[in-house]
Amino acid sequence: MSGESRMILYRNLEYQELFDDMCGLLSDGAGDACACAGRLIDMAAAYGFSGNLWRCFLAFCMASHENAYSVSCEISGSPGGSLERLAARDFARMRELFACDISRLDTAGEDLFGQLADFENPAGNSRALNRRIRDRIMELAAALARAEDTQAFQSAVTAFYREYGVGRFGLNQAFHVRLDGNGSAVIEPVTRVECVNLEDLVGYERQKQKLIENTEAFIEGRAANNVLLFGDSGTGKSSSIKAVLNRYYDRGLRMIEVYKHQFGCLSDVLEQIKDRNYRFIIYMDDLSFEDHETEYKYLKALIEGGLGIKPQNVLIYATSNRRHLIREKFSDKRELDDELHSSDTVQEKLSLAARFGVTIYYGSPDKKEFQRIVKTLAERHHIAMPQEELFLEANRWELSHGGLSGRTAAQFITYLLGR
C-alpha cells in the first residue's frame, strides 16, 4: 500500500514517489532498495542533511508541505476542530514511519541503510536551504523521533509551523516571479542569495540607518513606508536592500524580486502572499521608465490609488539612478508649451516617485571617502601594502574603471587579490 493512500492532508508531497517507494520497502520489502537509498543520498546532498536520512526526509516533507492544516498553524497556531483531528490521523501514520528502523532493510553482509541511519555529510552545505532552517529541520526530525505519543508529535510539528512557517515561504528567503503560459504569476524560490551584510558596506551610515528604521517598523507591525533608494551607480543601493533581507530574514522578512515587464501581474502576486504569516518586500532593482513605457501605471495603482486595499504585510523597495523614475528631456519643455494643461503632464511624471514615503539618496563618495573605503576593504582582506602606494594604485584604477564609487573600490580590491 502506498504512503499517499494512507494520508488525508499530507498528499502530493514534493518527493511523493520516494515517500511511496520507501513505505513499500518498509511494509513488505517490495521495491528497489538501492534506488531508494540513492535518492535519499541525493536529497541529503541537496539540503545538507546528516544523521538519520529517513527521519530528516520525513521532517522535510512535513516542513515543506502546504495544506489546510499547516497554513492554518503558520497564521494562528493550532486550528482545533475537525482539521486538528484529521491532521492527528496523518501524524499517527507519520509517527509509525518515524519509528521504523531502516537498517533492517539491509540484507546479510550489507550495511547500506545502516549508513543512512547515521549519515555523515562531509560537505554539510545546503544548496537549497538557509543553514538555520536546515539545522532546525534536523532538530525537528530528532524531536519527532523522541515523541512519546501522537499528541506530542503533533505539538512539535505545529510549533515548527508557527515559528518558521511552511512550504516555499517558510523555507526560503528570496523569490522571483515567472509568468506561466496563461500569464499568471508563479512565485519561485531563489535558492542562492548573495550573502551581504550591512556591516560590509563602508560608509553611508545615515542612509543605512534610515533604511533600518523603516524596515524594523515594518517587521514589528508598525506603520512603515515604501522606500526608493536613488543616486549614482555603484554606491550600494542594491547591496543595502540585500543586506536588509539577510539581517531580518529570521524575523519573518521575505523578498520577491519583480521586473518591470511583470508589473501587470503584481495584483496576482499580492493575492498569493496577502494572508501569509510573513512580511514581504517587493524588490524592484534599477527602476526607471522611458516616455513610451506605461508599466509605471500598474505600480502607481499598487502603491496607492487602486480600489483594493494593499496588504499590510507588503512593502515596495526600489532602487534607481533617477530621482523621478520617468525619463525627462529638454524637448519635453517644448512639447509642454503646446499643451493646454502642461502642469498635469508634469505631475503625471512626478507622481510615481512621490508615492514612495521614504526616499534615500546614495551619492558618489569624494576622493577622501573613496580612499577610506579602499583602506577599509584592504584591511578586511588582509592586503599588506603601504598606504601611500595603495591610494596611488586605487586612484589610477578609478580613473579608468568608472570613477569614484564603492563598486569601483571593491573591484580594485578584487584586482589586488587576484594579482
# chains A, B, ... in the order shown; residues from 1 in each chain; ligands from 1
$ residues_around --residues "stretch 239-256 of chain A" --least-positions-apart "3" --cutoff "6 Å" --atoms "only C-alpha atoms" --output "count of residues only"
14
$ select_by_dssp --residues "stretch 107-240 of chain A" --states "strand (DSSP E)" --output "list in words"
Ala174, Phe175, His176, Val177, Arg178, Leu179, Ala185, Val186, Ile187, Glu188, Pro189, Val227, Leu228, Leu229, Phe230 and Gly231 of chain A
$ write_last_selection --atoms "C-alpha atoms" --output "JSON list (two decimals), in the first residue's frame"
[["chain", "number", "residue", "atom", "x", "y", "z"],
["A", 174, "ALA", "CA", 14.07, 35.30, -1.56],
["A", 175, "PHE", "CA", 11.92, 34.70, -4.63],
["A", 176, "HIS", "CA", 11.44, 35.79, -8.21],
["A", 177, "VAL", "CA", 8.35, 35.79, -10.40],
["A", 178, "ARG", "CA", 7.82, 33.72, -13.51],
["A", 179, "LEU", "CA", 4.85, 34.06, -15.83],
["A", 185, "ALA", "CA", 2.38, 34.84, -11.73],
["A", 186, "VAL", "CA", 4.33, 31.88, -10.34],
["A", 187, "ILE", "CA", 6.46, 32.75, -7.30],
["A", 188, "GLU", "CA", 9.63, 30.63, -7.30],
["A", 189, "PRO", "CA", 12.42, 30.47, -4.67],
["A", 227, "VAL", "CA", 11.27, 53.07, 0.03],
["A", 228, "LEU", "CA", 13.09, 54.45, -3.00],
["A", 229, "LEU", "CA", 16.89, 54.35, -2.97],
["A", 230, "PHE", "CA", 18.22, 56.60, -5.71],
["A", 231, "GLY", "CA", 21.54, 58.09, -6.71]]
$ select_by_dssp --residues "stretch 26-261 of chain A" --states "alpha helix (DSSP H)" --output "ChimeraX atom specification"
/A:26-28,33-47,53-64,68-76,81-98,112-116,131-146,150-164,167-171,205-219,237-248
$ write_last_selection --atoms "C-alpha atoms" --output "compact mmCIF listing (two decimals), in the first residue's frame"
# COMPACT_ATOMS: atom_id res chain seq x y z
CA LEU A 26 9.31 -0.87 4.94
CA SER A 27 5.92 -2.61 4.78
CA ASP A 28 6.65 -5.66 2.62
CA ALA A 33 16.21 -0.63 -2.20
CA CYS A 34 19.36 0.68 -3.88
CA ALA A 35 17.39 3.22 -5.94
CA CYS A 36 15.64 4.50 -2.80
CA ALA A 37 18.94 4.75 -0.96
CA GLY A 38 20.48 6.68 -3.85
CA ARG A 39 17.59 9.18 -3.87
CA LEU A 40 17.86 9.70 -0.12
CA ILE A 41 21.58 10.45 -0.54
CA ASP A 42 20.86 12.89 -3.38
CA MET A 43 18.33 14.66 -1.16
CA ALA A 44 20.86 14.84 1.69
CA ALA A 45 23.43 16.38 -0.66
CA ALA A 46 20.93 18.97 -1.92
CA TYR A 47 19.70 20.04 1.51
CA LEU A 53 18.25 10.48 6.49
CA TRP A 54 14.86 8.73 6.62
CA ARG A 55 13.74 10.87 9.54
CA CYS A 56 15.22 14.02 8.00
CA PHE A 57 13.32 13.20 4.82
CA LEU A 58 10.01 12.82 6.67
CA ALA A 59 10.57 16.02 8.64
CA PHE A 60 11.36 17.88 5.42
CA CYS A 61 8.19 16.52 3.79
CA MET A 62 6.08 17.95 6.61
CA ALA A 63 8.02 21.24 6.81
CA SER A 64 7.62 21.90 3.09
CA ALA A 68 -5.11 23.42 5.10
CA TYR A 69 -3.64 22.43 8.46
CA SER A 70 -0.04 23.60 8.03
CA VAL A 71 -1.00 27.03 6.65
CA SER A 72 -3.54 27.50 9.47
CA CYS A 73 -0.84 26.69 12.04
CA GLU A 74 1.51 29.19 10.41
CA ILE A 75 -1.02 32.00 10.75
CA SER A 76 -2.68 31.35 14.10
CA GLY A 81 -11.84 21.31 15.48
CA SER A 82 -12.15 18.75 12.71
CA LEU A 83 -9.00 19.94 10.96
CA GLU A 84 -6.99 19.23 14.10
CA ARG A 85 -8.41 15.72 14.38
CA LEU A 86 -7.88 14.93 10.69
CA ALA A 87 -4.27 16.08 10.93
CA ALA A 88 -3.80 13.87 14.02
CA ARG A 89 -4.72 10.86 11.87
CA ASP A 90 -1.93 11.68 9.42
CA PHE A 91 0.53 12.35 12.23
CA ALA A 92 -0.21 8.97 13.76
CA ARG A 93 0.85 7.37 10.48
CA MET A 94 3.92 9.60 10.26
CA ARG A 95 4.90 8.64 13.79
CA GLU A 96 4.77 4.97 12.78
CA LEU A 97 7.12 5.73 9.89
CA PHE A 98 9.50 7.62 12.19
CA LEU A 112 23.67 0.32 3.11
CA PHE A 113 20.70 1.60 5.09
CA GLY A 114 22.72 1.26 8.27
CA GLN A 115 24.94 4.00 6.86
CA LEU A 116 21.88 6.12 6.02
CA ARG A 131 21.59 26.84 7.16
CA ARG A 132 19.38 27.93 10.06
CA ILE A 133 16.32 26.27 8.52
CA ARG A 134 18.33 23.18 7.56
CA ASP A 135 19.52 22.77 11.16
CA ARG A 136 16.01 23.34 12.50
CA ILE A 137 14.59 20.61 10.26
CA MET A 138 17.21 18.17 11.53
CA GLU A 139 16.33 19.19 15.10
CA LEU A 140 12.65 18.64 14.28
CA ALA A 141 13.46 15.15 12.99
CA ALA A 142 15.24 14.28 16.23
CA ALA A 143 12.41 15.69 18.36
CA LEU A 144 9.74 13.78 16.42
CA ALA A 145 11.68 10.54 16.85
CA ARG A 146 11.54 11.10 20.63
CA THR A 150 0.81 11.29 18.63
CA GLN A 151 -0.19 14.39 20.58
CA ALA A 152 3.46 15.22 21.38
CA PHE A 153 4.36 14.53 17.76
CA GLN A 154 1.65 16.88 16.50
CA SER A 155 2.60 19.59 19.00
CA ALA A 156 6.21 19.58 17.79
CA VAL A 157 5.18 19.95 14.14
CA THR A 158 2.64 22.67 14.99
CA ALA A 159 5.28 24.64 16.93
CA PHE A 160 7.60 24.45 13.92
CA TYR A 161 4.89 25.81 11.63
CA ARG A 162 4.10 28.65 14.00
CA GLU A 163 7.73 29.69 14.41
CA TYR A 164 9.17 29.10 10.94
CA GLY A 167 6.42 25.50 2.35
CA ARG A 168 8.33 27.71 -0.04
CA PHE A 169 7.84 30.89 2.01
CA GLY A 170 8.87 29.19 5.24
CA LEU A 171 11.99 27.51 3.89
CA GLU A 205 25.74 55.28 7.75
CA ARG A 206 22.88 57.79 7.71
CA GLN A 207 21.32 56.11 4.68
CA LYS A 208 21.60 52.63 6.19
CA GLN A 209 20.12 53.79 9.48
CA LYS A 210 17.12 55.30 7.71
CA LEU A 211 16.56 52.03 5.87
CA ILE A 212 16.92 50.01 9.08
CA GLU A 213 14.43 52.15 10.99
CA ASN A 214 11.77 51.77 8.31
CA THR A 215 12.35 48.02 7.97
CA GLU A 216 12.23 47.39 11.71
CA ALA A 217 8.94 49.28 11.96
CA PHE A 218 7.58 47.07 9.19
CA ILE A 219 8.81 43.85 10.83
CA LYS A 237 21.76 50.80 -3.19
CA SER A 238 21.03 47.22 -4.23
CA SER A 239 23.51 45.80 -1.71
CA SER A 240 21.77 47.68 1.11
CA ILE A 241 18.44 46.05 0.31
CA LYS A 242 20.01 42.58 0.06
CA ALA A 243 21.72 43.18 3.40
CA VAL A 244 18.39 44.13 4.99
CA LEU A 245 16.95 40.79 3.85
CA ASN A 246 19.86 38.87 5.36
CA ARG A 247 19.56 40.74 8.66
CA TYR A 248 15.80 40.34 9.14
$ residues_around --residues "A:Pro311" --least-positions-apart "5" --cutoff "10 Å" --atoms "only C-alpha atoms" --output "CSV table (one decimal) with N, CA and C atoms, in the first residue's frame"
chain,number,residue,atom,x,y,z
A,270,LEU,N,0.3,39.8,-5.1
A,270,LEU,CA,-0.2,40.2,-3.8
A,270,LEU,C,-1.3,39.2,-3.3
A,271,GLU,N,-2.1,38.7,-4.2
A,271,GLU,CA,-3.2,37.8,-3.8
A,271,GLU,C,-2.6,36.5,-3.2
A,273,ILE,N,0.3,36.2,-1.5
A,273,ILE,CA,1.1,36.4,-0.3
A,273,ILE,C,0.3,37.2,0.8
A,274,LYS,N,-0.9,37.7,0.6
A,274,LYS,CA,-1.5,38.6,1.5
A,274,LYS,C,-1.9,38.0,2.8
A,275,ASP,N,-2.2,36.7,2.8
A,275,ASP,CA,-2.6,36.0,4.1
A,275,ASP,C,-1.6,35.2,4.7
A,279,ARG,N,6.4,39.0,6.4
A,279,ARG,CA,6.5,40.4,5.9
A,279,ARG,C,7.2,40.3,4.6
A,280,PHE,N,6.6,40.8,3.5
A,280,PHE,CA,7.2,40.7,2.2
A,280,PHE,C,7.6,42.1,1.7
$ residues_around --residues "A:Leu390" --least-positions-apart "5" --cutoff "10 Å" --atoms "only C-alpha atoms" --output "number ranges by chain"
A: 371, 374-375, 378, 383-385, 395, 413, 416
$ write_last_selection --atoms "C-alpha atoms" --output "compact mmCIF listing (two decimals), in the first residue's frame"
# COMPACT_ATOMS: atom_id res chain seq x y z
CA GLN A 371 40.24 56.25 -0.09
CA VAL A 374 39.65 51.31 -0.20
CA LYS A 375 41.61 51.25 3.06
CA ALA A 378 42.11 46.28 2.06
CA ILE A 383 46.16 43.15 1.88
CA ALA A 384 49.62 44.25 3.01
CA MET A 385 50.59 47.36 1.03
CA ASN A 395 43.45 56.45 -7.93
CA ILE A 413 40.47 45.16 -4.17
CA LEU A 416 44.74 43.19 -5.97
$ closest_residue --among "A:Arg104, A:Ser78, A:Ser364, A:Val314" --to "A:Gly29" --atoms "only C-alpha atoms"
A:Arg104
$ atom_distance --atom1 "atom CA of A:Asn130" --atom2 "atom CA of A:Arg192"
8.7 Å
$ closest_residue --among "A:Cys265, A:Leu352, A:Gly234, A:Val258" --to "A:Ser405" --atoms "only C-alpha atoms"
A:Gly234
$ atom_distance --atom1 "atom CA of A:Leu13" --atom2 "atom CA of A:Ala128"
16.9 Å
$ closest_residue --among "A:Ala108, A:Ala410, A:Ile102, A:Leu9" --to "A:Phe370" --atoms "only C-alpha atoms"
A:Ala410
$ closest_residue --among "A:Ser126, A:Arg6, A:Tyr317, A:Gly406" --to "A:Phe19" --atoms "only C-alpha atoms"
A:Arg6
$ atom_distance --atom1 "atom CA of A:Val202" --atom2 "atom CA of A:Thr359"
20.0 Å
